[in-house]
Protein chains: 2
Amino acid sequence: MNLADVARRAGVSTATVSRVMNNIGVVREETRLRVTRAAEELRYYPNFHARALAGGDSRMIGLIVSNLENPFFLDIFRSLEAAAHDADYEVLITNTGYRSERLHALVRLMIGRRLSGLAVVVSEMDEALLDELAHHELPIVVYDVGSTRRGLVHINVDYRAGMQRLVSHLVELGHRRLAFVGHHTTLGPLQDRKETFLEIVRQFSPAIEYRTATGADGFSGGREAVRAIFGEGFQPTAIVCVNDFMAAGAMRELRALNLRVPEDVSLTGFDDIELADIISPPLTTSHIPRDLIGRLIFESLTSTPQPREILLTPTFVPRGSTAAILQPSCVSS
Amino acid sequence: MNLADVARRAGVSTATVSRVMNNIGVVREETRLRVTRAAEELRYYPNFHARALAGGDSRMIGLIVSNLENPFFLDIFRSLEAAAHDADYEVLITNTGYRSERLHALVRLMIGRRLSGLAVVVSEMDEALLDELAHHELPIVVYDVGSTRRGLVHINVDYRAGMQRLVSHLVELGHRRLAFVGHHTTLGPLQDRKETFLEIVRQFSPAIEYRTATGADGFSGGREAVRAIFGEGFQPTAIVCVNDFMAAGAMRELRALNLRVPEDVSLTGFDDIELADIISPPLTTSHIPRDLIGRLIFESLTSTPQPREILLTPTFVPRGSTAAILQPSCVSS
DNA sequence: TTGAAAGCGCTACCAG
DNA sequence: CTGGTAGCGCTTTCAA
């Protein structure tokens, strides 16, 4: 069931069928009708591979993310997809699960597909792969990746600023025993959040005590990290989480430990995903503009020339999960 | 940068390069080495489209879902992907957003890709499309779709049973004023949940009062539906939600209305997504085995012959969001 | 063990 | 306005 079959049935050439199928060039109305009818009768579906092979442009944009379950990535996908559809592109989304070998395989697969553009929004990028990407003619944009490369568009977020705001918020509320809940992933700018936390907190040392713990990106990772912190006897009055997704798990575990948020422990996240405002209490966090990111990705991929590097600033979003520390004097009195 | 380039550089024919790239046939070790080296030096990436065109099988499975944001669908994807990867398949996931025209476009796109199999896990399927799907040689499995078709594998869940369990649970707890929060989507078996709710509740009529409301699948849809119910002056003591995702939003709105769960209002969901046990209080729900579904999809798509229709039964999962009704006498005394 | 060449289904260009 | 046809890059016989 191919172009030739349709052509034969309609009594025209394959060239004409191609014109009709693509709404390209001029075709007499009657001929067009005959062709469309033949195509329908034969239940003809154009072969995408042949089309891409012959034509060149696949009008597809690839998106590689670390963790589809984390709504943060999904939000970027949605925004990118919306922009893409408006311009008659499709977007192909894939997921590495933070596994480096998957990332390599997916990059290979994506490039093999001859896409119109590729967006890599992952935390596990390594320098070698970055070099390799930079060597391609295919337009590529990377999010949240350390060192810049010519030929690549970089979109980054100023995590330091966001983190700083969050931690000073807690310090101002009187918190002196803090904990940080991070990713297992130790690569790339995700570490920025942790390192910024450590930097600030150490400035106040030894007035401020702190601990860190890690878990997989997800609810259960957040829970485990919190369990680890309290399991070792440390009793923070505030916990800073690397993102909202893990913070939701952390909050759940605090409840399991019979600790109230924010009365006993304050909690912060990062990203400002929709869930942050659904859980109870709603999460104090730092907003990253995913909508904007998705749109910027699309623009960078399709229009040229583009800026080499884009830096976005997160916004502080105070909600109910943080509160001033209850002075021991108040409690014991 | 293609096969011919590599062949030239390695001083062999394209046929040999092809053999090396696919680990197929016999090639002298020395030749193989020369070819792989040439491919690396040239940063050669095989063109997927050409390969699919020439070879036939793309070793790709397509998955079309209604709403990627709903973790229910994502869980199926993960499970399907795991099974697929084990057998060296990739899975292509796409999202309709409950829009029927997107579904049609995506089916077209998927079939045009000459996939090895297609899974359609949507609620907005219509009979015409179902007929069309049934006419393809491509293996297809559909989830949660009403009338069966020969040539298609159907995977269904006994929603009636799940719903019945949930509602009788509430009735046994003494609830007599119930509300149902459903989808905008009125198509297909999602209605099963609502209709089953209505059936049961009407059996008790007029002892039991009820109302229904709808919203989009998501947190905000759940919130709006709850707002609508109370906005009209109806004061249910229990709310049954079509799924957990919306139930999480519903719970959030109840809190905004200063109603406690479960003390003032009991709440149930459906699906048993991970989030159901993260929100506070954790959600009483009905478990649908997504892991099993993903695996069944893969098996149905790749092995043959398969059963025509598979029916799964959900499991009742009682948690903290439901409780016995507080008798007015108790409250006022 | 390797090479030559015939497609796979479609687009795009050049004629008519 | 329509047809003929040369590729696109790869796999796969069939010979050598």
# chains A, B, ... in the order shown; residues from 1 in each chain; ligands from 1
>>> select_by_dssp(residues="stretch 104-184 of chain B", states="strand (DSSP E)", output="number ranges by chain")
B: 117-121, 140-143, 153-157, 177-183
>>> residues_around(residues="stretch 113-119 of chain B", least_positions_apart="6", cutoff="10 Å", atoms="only C-alpha atoms (C1' of nucleotides)", output="number ranges by chain")
A: 45-50; B: 49, 52-53, 56-65, 80, 89-93, 107, 133, 137-143, 153-154, 294, 297-298, 300-302
>>> residues_around(residues="A:Phe219", least_positions_apart="5", cutoff="8 Å", atoms="only C-alpha atoms (C1' of nucleotides)", output="PyMOL selection string")
(chain A and resi 245-250) or (chain B and resi 278)
>>> write_last_selection(atoms="C-alpha atoms", output="short mmCIF file (atom, residue, chain, number, x, y, z; two decimals), in the first residue's frame")
data_model
loop_
_atom_site.label_atom_id
_atom_site.label_comp_id
_atom_site.auth_asym_id
_atom_site.auth_seq_id
_atom_site.Cartn_x
_atom_site.Cartn_y
_atom_site.Cartn_z
CA PHE A 245 9.16 16.46 43.82
CA MET A 246 11.45 15.16 46.53
CA ALA A 247 10.10 17.70 49.01
CA ALA A 248 6.65 16.15 48.68
CA GLY A 249 8.13 12.83 49.71
CA ALA A 250 10.07 14.49 52.50
CA ILE B 278 1.87 10.98 49.65
#
>>> calpha_fit_and_write(fixed="chain A", moving="chain B", output="short mmCIF file (atom, residue, chain, number, x, y, z; two decimals) with C-alpha atoms, in the first residue's frame")
data_model
loop_
_atom_site.label_atom_id
_atom_site.label_comp_id
_atom_site.auth_asym_id
_atom_site.auth_seq_id
_atom_site.Cartn_x
_atom_site.Cartn_y
_atom_site.Cartn_z
CA MET B 1 -0.15 -0.03 0.22
CA ASN B 2 2.02 2.77 -1.09
CA LEU B 3 2.13 5.78 -3.34
CA ALA B 4 2.27 3.60 -6.42
CA ASP B 5 -0.89 1.76 -5.43
CA VAL B 6 -2.74 4.99 -5.00
CA ALA B 7 -1.35 6.32 -8.26
CA ARG B 8 -2.46 3.23 -10.12
CA ARG B 9 -5.93 3.36 -8.66
CA ALA B 10 -6.32 7.03 -9.45
CA GLY B 11 -4.80 6.58 -12.88
CA VAL B 12 -2.05 9.13 -12.33
CA SER B 13 1.66 9.12 -11.64
CA THR B 14 3.27 8.86 -8.21
CA ALA B 15 4.53 12.39 -8.64
CA THR B 16 0.99 13.67 -8.82
CA VAL B 17 -0.10 11.73 -5.79
CA SER B 18 2.84 13.15 -3.91
CA ARG B 19 1.81 16.64 -4.91
CA VAL B 20 -1.71 16.08 -3.69
CA MET B 21 -0.65 14.52 -0.40
CA ASN B 22 1.61 17.46 0.35
CA ASN B 23 -0.59 20.22 -1.00
CA ILE B 24 2.29 21.29 -3.13
CA GLY B 25 2.46 22.56 -6.68
CA VAL B 26 -0.54 22.84 -8.95
CA VAL B 27 -2.95 19.99 -9.55
CA ARG B 28 -6.23 20.11 -11.42
CA GLU B 29 -9.15 20.00 -9.04
CA GLU B 30 -10.61 16.92 -10.66
CA THR B 31 -7.31 15.07 -10.45
CA ARG B 32 -6.88 16.04 -6.85
CA LEU B 33 -10.29 14.66 -6.06
CA ARG B 34 -9.59 11.38 -7.77
CA VAL B 35 -6.36 11.01 -5.84
CA THR B 36 -7.80 11.79 -2.43
CA ARG B 37 -10.64 9.38 -3.05
CA ALA B 38 -8.27 6.62 -4.09
CA ALA B 39 -6.13 7.26 -1.02
CA GLU B 40 -9.13 6.99 1.25
CA GLU B 41 -10.49 3.88 -0.35
CA LEU B 42 -7.13 2.21 -0.01
CA ARG B 43 -6.69 3.49 3.55
CA TYR B 44 -3.35 4.82 2.48
CA TYR B 45 -0.98 6.12 5.14
CA PRO B 46 2.21 7.73 3.84
CA ASN B 47 5.39 6.05 4.99
CA PHE B 48 7.11 8.48 7.24
CA HIS B 49 10.54 6.96 6.79
CA ALA B 50 10.45 7.12 3.05
CA ARG B 51 9.28 10.68 3.24
CA ALA B 52 12.07 11.67 5.60
CA LEU B 53 14.64 9.82 3.52
CA ALA B 54 13.63 11.49 0.32
CA GLY B 55 12.71 14.91 1.60
CA GLY B 56 15.12 15.66 4.38
CA ASP B 57 13.25 17.59 7.03
CA SER B 58 11.22 15.45 9.40
CA ARG B 59 9.56 18.41 11.11
CA MET B 60 10.20 16.71 14.39
CA ILE B 61 11.91 18.02 17.46
CA GLY B 62 13.47 15.66 19.95
CA LEU B 63 13.41 16.18 23.68
CA ILE B 64 15.50 14.14 26.08
CA VAL B 65 14.74 14.54 29.78
CA SER B 66 16.03 12.91 32.93
CA ASN B 67 12.84 11.92 34.63
CA LEU B 68 9.42 12.09 33.07
CA GLU B 69 7.80 11.41 36.42
CA ASN B 70 9.05 14.68 37.78
CA PRO B 71 6.40 17.19 36.69
CA PHE B 72 9.12 19.74 36.18
CA PHE B 73 10.23 18.02 33.00
CA LEU B 74 6.70 17.38 31.86
CA ASP B 75 5.92 21.06 32.12
CA ILE B 76 8.79 21.87 29.82
CA PHE B 77 7.57 19.24 27.41
CA ARG B 78 4.06 20.68 27.37
CA SER B 79 5.27 24.15 26.73
CA LEU B 80 7.65 23.02 24.01
CA GLU B 81 4.95 20.91 22.43
CA ALA B 82 2.50 23.78 22.35
CA ALA B 83 5.00 26.01 20.58
CA ALA B 84 5.93 23.20 18.21
CA HIS B 85 2.37 22.36 17.25
CA ASP B 86 1.67 25.97 16.43
CA ALA B 87 4.40 25.73 13.84
CA ASP B 88 3.36 22.30 12.66
CA TYR B 89 6.15 20.36 14.32
CA GLU B 90 5.85 17.22 16.40
CA VAL B 91 7.93 16.60 19.45
CA LEU B 92 9.43 13.29 20.35
CA ILE B 93 9.98 12.89 24.05
CA THR B 94 12.29 10.38 25.67
CA ASN B 95 13.45 9.71 29.15
CA THR B 96 16.86 8.70 30.49
CA GLY B 97 15.93 7.89 34.07
CA TYR B 98 19.22 9.60 35.03
CA ARG B 99 21.15 6.75 33.42
CA SER B 100 24.11 7.96 31.49
CA GLU B 101 24.15 5.03 29.08
CA ARG B 102 20.52 5.68 28.19
CA LEU B 103 21.40 9.26 27.46
CA HIS B 104 24.12 8.19 25.07
CA ALA B 105 21.83 5.70 23.35
CA LEU B 106 19.07 8.25 23.04
CA VAL B 107 21.30 10.93 21.59
CA ARG B 108 22.43 8.41 19.01
CA LEU B 109 18.86 7.46 18.27
CA MET B 110 17.74 11.05 18.02
CA ILE B 111 20.51 12.02 15.67
CA GLY B 112 19.81 8.95 13.60
CA ARG B 113 16.28 10.20 13.16
CA ARG B 114 17.42 13.29 11.38
CA LEU B 115 15.31 15.57 13.52
CA SER B 116 14.89 19.26 12.92
CA GLY B 117 16.25 19.99 16.36
CA LEU B 118 17.16 18.42 19.66
CA ALA B 119 16.69 19.64 23.21
CA VAL B 120 18.61 17.92 25.97
CA VAL B 121 17.20 18.67 29.40
CA VAL B 122 19.10 16.32 31.67
CA SER B 123 21.31 16.42 34.69
CA GLU B 124 23.60 13.57 33.77
CA MET B 125 25.34 15.14 30.79
CA ASP B 126 29.06 14.53 30.54
CA GLU B 127 31.72 16.57 28.86
CA ALA B 128 32.50 13.99 26.19
CA LEU B 129 28.91 13.84 25.04
CA LEU B 130 28.70 17.61 25.11
CA ASP B 131 31.68 17.76 22.80
CA GLU B 132 30.09 15.26 20.51
CA LEU B 133 26.84 17.18 20.38
CA ALA B 134 28.62 20.38 19.56
CA HIS B 135 30.00 18.77 16.41
CA HIS B 136 26.63 18.24 14.78
CA GLU B 137 24.95 20.36 12.17
CA LEU B 138 21.61 19.64 13.87
CA PRO B 139 20.42 22.56 16.04
CA ILE B 140 20.82 21.62 19.68
CA VAL B 141 19.89 23.32 22.90
CA VAL B 142 20.91 22.06 26.30
CA TYR B 143 19.40 23.03 29.60
CA ASP B 144 21.14 23.14 32.88
CA VAL B 145 24.54 22.02 31.66
CA GLY B 146 27.76 23.34 33.03
CA SER B 147 30.44 24.44 30.63
CA THR B 148 29.33 26.12 27.44
CA ARG B 149 30.15 25.01 23.90
CA ARG B 150 30.09 27.01 20.73
CA GLY B 151 27.43 25.65 18.39
CA LEU B 152 25.12 24.82 21.27
CA VAL B 153 22.46 27.03 22.78
CA HIS B 154 22.57 26.96 26.56
CA ILE B 155 19.62 27.71 28.79
CA ASN B 156 20.52 27.98 32.43
CA VAL B 157 18.88 28.98 35.66
CA ASP B 158 20.59 30.92 38.37
CA TYR B 159 20.26 28.32 41.09
CA ARG B 160 22.65 30.14 43.36
CA ALA B 161 20.31 33.07 43.57
CA GLY B 162 17.28 30.89 44.21
CA MET B 163 19.02 28.83 46.82
CA GLN B 164 20.43 31.84 48.56
CA ARG B 165 17.01 33.36 48.91
CA LEU B 166 15.58 30.17 50.32
CA VAL B 167 18.30 29.60 52.88
CA SER B 168 18.41 33.16 54.09
CA HIS B 169 14.64 33.01 54.45
CA LEU B 170 15.09 30.11 56.84
CA VAL B 171 17.94 31.72 58.72
CA GLU B 172 15.90 34.87 59.18
CA LEU B 173 13.13 32.75 60.62
CA GLY B 174 15.57 31.70 63.30
CA HIS B 175 16.54 28.24 62.06
CA ARG B 176 19.98 27.10 63.13
CA ARG B 177 19.88 23.36 62.51
CA LEU B 178 19.42 22.76 58.79
CA ALA B 179 19.45 19.74 56.54
CA PHE B 180 19.73 19.40 52.77
CA VAL B 181 17.96 16.69 50.80
CA GLY B 182 19.55 16.15 47.42
CA HIS B 183 19.78 13.84 44.46
CA HIS B 184 21.93 10.84 44.08
CA THR B 185 23.03 12.49 40.88
CA THR B 186 26.24 14.29 41.62
CA LEU B 187 26.78 15.63 38.15
CA GLY B 188 26.29 19.07 36.78
CA PRO B 189 24.53 22.08 38.14
CA LEU B 190 22.23 20.13 40.40
CA GLN B 191 25.24 20.26 42.64
CA ASP B 192 24.99 24.02 42.46
CA ARG B 193 22.00 23.89 44.74
CA LYS B 194 23.76 21.75 47.26
CA GLU B 195 27.00 23.67 47.10
CA THR B 196 25.26 26.96 47.47
CA PHE B 197 23.47 25.57 50.48
CA LEU B 198 26.75 24.47 51.99
CA GLU B 199 28.45 27.76 51.28
CA ILE B 200 25.85 29.85 52.98
CA VAL B 201 25.46 27.56 55.88
CA ARG B 202 29.19 27.42 56.46
CA GLN B 203 29.41 31.16 56.58
CA PHE B 204 27.42 30.93 59.78
CA SER B 205 29.35 27.99 61.12
CA PRO B 206 29.49 27.00 63.89
CA ALA B 207 26.33 28.94 64.77
CA ILE B 208 24.51 26.81 62.25
CA GLU B 209 24.66 23.05 62.23
CA TYR B 210 23.81 21.12 59.12
CA ARG B 211 23.59 17.69 57.53
CA THR B 212 22.98 16.47 54.02
CA ALA B 213 21.38 13.33 52.65
CA THR B 214 20.49 12.04 49.22
CA GLY B 215 17.92 9.85 47.53
CA ALA B 216 16.59 9.10 44.08
CA ASP B 217 14.53 11.82 42.41
CA GLY B 218 11.03 11.08 43.59
CA PHE B 219 8.73 10.72 46.54
CA SER B 220 10.47 7.69 47.97
CA GLY B 221 13.88 9.27 47.54
CA GLY B 222 12.69 12.24 49.57
CA ARG B 223 11.30 9.97 52.24
CA GLU B 224 14.49 7.94 52.51
CA ALA B 225 16.66 10.99 52.78
CA VAL B 226 14.59 12.36 55.64
CA ARG B 227 14.62 9.03 57.37
CA ALA B 228 18.40 8.95 57.04
CA ILE B 229 18.79 12.39 58.57
CA PHE B 230 16.69 11.68 61.62
CA GLY B 231 17.95 8.13 61.81
CA GLU B 232 21.39 9.46 62.60
CA GLY B 233 20.08 11.46 65.48
CA PHE B 234 20.31 14.86 63.85
CA GLN B 235 17.20 16.95 64.56
CA PRO B 236 16.98 19.80 62.04
CA THR B 237 14.37 22.50 62.45
CA ALA B 238 14.36 23.11 58.70
CA ILE B 239 14.97 20.97 55.64
CA VAL B 240 15.95 22.31 52.25
CA CYS B 241 15.10 20.00 49.35
CA VAL B 242 16.73 20.04 45.95
CA ASN B 243 13.31 20.12 44.28
CA ASP B 244 9.57 20.07 44.99
CA PHE B 245 9.12 16.51 43.87
CA MET B 246 11.43 15.19 46.55
CA ALA B 247 10.11 17.71 49.04
CA ALA B 248 6.66 16.18 48.74
CA GLY B 249 8.14 12.85 49.76
CA ALA B 250 10.09 14.50 52.53
CA MET B 251 6.94 16.06 53.90
CA ARG B 252 5.22 12.71 53.87
CA GLU B 253 8.04 11.15 55.85
CA LEU B 254 8.02 13.94 58.39
CA ARG B 255 4.38 13.20 59.00
CA ALA B 256 5.21 9.53 59.42
CA LEU B 257 7.75 10.59 62.03
CA ASN B 258 5.02 12.57 63.79
CA LEU B 259 6.64 15.87 63.03
CA ARG B 260 4.42 18.75 62.02
CA VAL B 261 5.26 21.08 59.14
CA PRO B 262 5.97 23.89 59.75
CA GLU B 263 5.50 23.83 63.54
CA ASP B 264 8.24 21.28 64.19
CA VAL B 265 10.15 21.40 60.94
CA SER B 266 10.13 23.92 58.12
CA LEU B 267 10.50 22.58 54.58
CA THR B 268 11.44 24.12 51.24
CA GLY B 269 11.46 22.82 47.67
CA PHE B 270 12.59 24.11 44.30
CA ASP B 271 10.87 24.46 40.88
CA ASP B 272 7.35 25.41 41.98
CA ILE B 273 5.54 22.55 40.28
CA GLU B 274 1.76 22.49 40.55
CA LEU B 275 1.96 19.81 43.24
CA ALA B 276 3.77 22.23 45.54
CA ASP B 277 0.52 24.06 46.11
CA ILE B 278 -1.58 20.91 46.40
CA ILE B 279 0.11 19.18 49.29
CA SER B 280 -0.59 20.26 52.82
CA PRO B 281 0.85 22.58 53.90
CA PRO B 282 1.72 24.13 50.54
CA LEU B 283 5.41 24.33 49.88
CA THR B 284 7.67 27.33 50.13
CA THR B 285 9.78 27.11 47.01
CA SER B 286 11.60 28.84 44.18
CA HIS B 287 9.81 29.20 40.87
CA ILE B 288 11.50 28.17 37.64
CA PRO B 289 9.63 29.41 34.55
CA ARG B 290 9.07 26.15 32.63
CA ASP B 291 6.68 27.79 30.20
CA LEU B 292 9.29 30.26 29.18
CA ILE B 293 11.93 27.56 28.95
CA GLY B 294 9.82 25.47 26.58
CA ARG B 295 9.19 28.44 24.35
CA LEU B 296 12.83 29.47 24.39
CA ILE B 297 13.86 25.97 23.44
CA PHE B 298 11.58 25.98 20.44
CA GLU B 299 12.68 29.39 19.31
CA SER B 300 16.34 28.57 19.68
CA LEU B 301 15.86 25.40 17.68
CA THR B 302 13.96 26.87 14.79
CA SER B 303 15.01 30.46 14.37
CA THR B 304 18.51 31.59 13.70
CA PRO B 305 20.71 33.27 14.70
CA GLN B 306 20.29 32.69 18.41
CA PRO B 307 22.00 33.86 21.53
CA ARG B 308 24.64 31.52 22.84
CA GLU B 309 23.54 31.46 26.42
CA ILE B 310 20.38 32.37 28.28
CA LEU B 311 20.26 32.83 32.04
CA LEU B 312 16.94 32.78 33.86
CA THR B 313 16.36 33.86 37.41
CA PRO B 314 14.05 31.94 39.73
CA THR B 315 11.47 33.68 41.90
CA PHE B 316 11.02 33.17 45.62
CA VAL B 317 7.59 31.74 46.49
CA PRO B 318 6.81 31.77 50.22
CA ARG B 319 4.02 29.45 51.33
CA GLY B 320 2.90 27.60 54.41
CA SER B 321 5.66 25.04 54.83
CA THR B 322 8.06 27.46 56.47
CA ALA B 323 7.62 29.33 59.71
CA ALA B 324 9.59 31.04 62.44
CA ILE B 325 11.17 28.62 64.81
CA LEU B 326 9.40 28.08 68.10
CA GLN B 327 11.81 29.12 70.80
CA PRO B 328 12.49 26.31 73.24
CA SER B 329 11.57 28.78 75.96
CA CYS B 330 8.09 29.12 74.54
CA VAL B 331 7.64 25.41 74.22
CA SER B 332 8.77 24.53 77.73
CA SER B 333 7.04 27.37 79.46
#
>>> residues_around(residues="D:DT13", least_positions_apart="2", cutoff="12 Å", atoms="only C-alpha atoms (C1' of nucleotides)", output="ChimeraX atom specification")
/B:15 /C:4-7 /D:11,15
>>> select_by_dssp(residues="stretch 129-204 of chain B", states="alpha helix (DSSP H)", output="PyMOL selection string")
chain B and resi 129-134+159-172+190-203
>>> atom_distance(atom1="atom C1' of D:DC14", atom2="atom C1' of C:DT1")
14.5 Å
>>> interface_residues(of="chain C", to="chain B", cutoff="7 Å", atoms="only C-alpha atoms (C1' of nucleotides)", output="VMD selection string")
chain C and resid 1 to 3 8
>>> interface_residues(of="chain D", to="chain B", cutoff="8 Å", atoms="only C-alpha atoms (C1' of nucleotides)", output="list in words")
DC8, DG9, DC10 and DT11 of chain D
>>> decode(residues="stretch 12-61 of chain A", atoms="C-alpha atoms", output="PDB file, in the first residue's frame")
ATOM      1  CA  VAL A  12      -2.250   9.467 -12.267  1.00  0.00           C
ATOM      2  CA  SER A  13       1.480   9.508 -11.618  1.00  0.00           C
ATOM      3  CA  THR A  14       3.127   9.181  -8.248  1.00  0.00           C
ATOM      4  CA  ALA A  15       4.305  12.749  -8.572  1.00  0.00           C
ATOM      5  CA  THR A  16       0.754  13.955  -8.649  1.00  0.00           C
ATOM      6  CA  VAL A  17      -0.256  11.870  -5.683  1.00  0.00           C
ATOM      7  CA  SER A  18       2.686  13.311  -3.789  1.00  0.00           C
ATOM      8  CA  ARG A  19       1.544  16.810  -4.664  1.00  0.00           C
ATOM      9  CA  VAL A  20      -1.942  16.112  -3.422  1.00  0.00           C
ATOM     10  CA  MET A  21      -0.782  14.476  -0.214  1.00  0.00           C
ATOM     11  CA  ASN A  22       1.430  17.437   0.597  1.00  0.00           C
ATOM     12  CA  ASN A  23      -0.861  20.172  -0.638  1.00  0.00           C
ATOM     13  CA  ILE A  24       1.986  21.416  -2.756  1.00  0.00           C
ATOM     14  CA  GLY A  25       2.044  22.805  -6.261  1.00  0.00           C
ATOM     15  CA  VAL A  26      -1.002  23.095  -8.473  1.00  0.00           C
ATOM     16  CA  VAL A  27      -3.364  20.226  -9.115  1.00  0.00           C
ATOM     17  CA  ARG A  28      -6.675  20.364 -10.921  1.00  0.00           C
ATOM     18  CA  GLU A  29      -9.557  20.043  -8.488  1.00  0.00           C
ATOM     19  CA  GLU A  30     -10.972  16.992 -10.204  1.00  0.00           C
ATOM     20  CA  THR A  31      -7.617  15.222 -10.116  1.00  0.00           C
ATOM     21  CA  ARG A  32      -7.145  16.077  -6.469  1.00  0.00           C
ATOM     22  CA  LEU A  33     -10.512  14.576  -5.707  1.00  0.00           C
ATOM     23  CA  ARG A  34      -9.763  11.386  -7.554  1.00  0.00           C
ATOM     24  CA  VAL A  35      -6.505  11.029  -5.670  1.00  0.00           C
ATOM     25  CA  THR A  36      -7.913  11.680  -2.217  1.00  0.00           C
ATOM     26  CA  ARG A  37     -10.698   9.225  -2.892  1.00  0.00           C
ATOM     27  CA  ALA A  38      -8.275   6.561  -4.044  1.00  0.00           C
ATOM     28  CA  ALA A  39      -6.118   7.160  -0.972  1.00  0.00           C
ATOM     29  CA  GLU A  40      -9.078   6.776   1.328  1.00  0.00           C
ATOM     30  CA  GLU A  41     -10.403   3.683  -0.360  1.00  0.00           C
ATOM     31  CA  LEU A  42      -7.004   2.087  -0.103  1.00  0.00           C
ATOM     32  CA  ARG A  43      -6.574   3.291   3.483  1.00  0.00           C
ATOM     33  CA  TYR A  44      -3.274   4.712   2.422  1.00  0.00           C
ATOM     34  CA  TYR A  45      -0.887   6.032   5.083  1.00  0.00           C
ATOM     35  CA  PRO A  46       2.255   7.709   3.786  1.00  0.00           C
ATOM     36  CA  ASN A  47       5.471   6.055   4.873  1.00  0.00           C
ATOM     37  CA  PHE A  48       7.140   8.469   7.161  1.00  0.00           C
ATOM     38  CA  HIS A  49      10.584   6.998   6.690  1.00  0.00           C
ATOM     39  CA  ALA A  50      10.507   7.243   2.947  1.00  0.00           C
ATOM     40  CA  ARG A  51       9.289  10.787   3.223  1.00  0.00           C
ATOM     41  CA  ALA A  52      12.073  11.795   5.588  1.00  0.00           C
ATOM     42  CA  LEU A  53      14.634  10.003   3.469  1.00  0.00           C
ATOM     43  CA  ALA A  54      13.595  11.698   0.288  1.00  0.00           C
ATOM     44  CA  GLY A  55      12.690  15.090   1.631  1.00  0.00           C
ATOM     45  CA  GLY A  56      15.184  15.754   4.341  1.00  0.00           C
ATOM     46  CA  ASP A  57      13.304  17.624   7.014  1.00  0.00           C
ATOM     47  CA  SER A  58      11.323  15.432   9.364  1.00  0.00           C
ATOM     48  CA  ARG A  59       9.632  18.361  11.088  1.00  0.00           C
ATOM     49  CA  MET A  60      10.303  16.655  14.375  1.00  0.00           C
ATOM     50  CA  ILE A  61      12.005  17.950  17.443  1.00  0.00           C
TER      51      ILE A  61
END
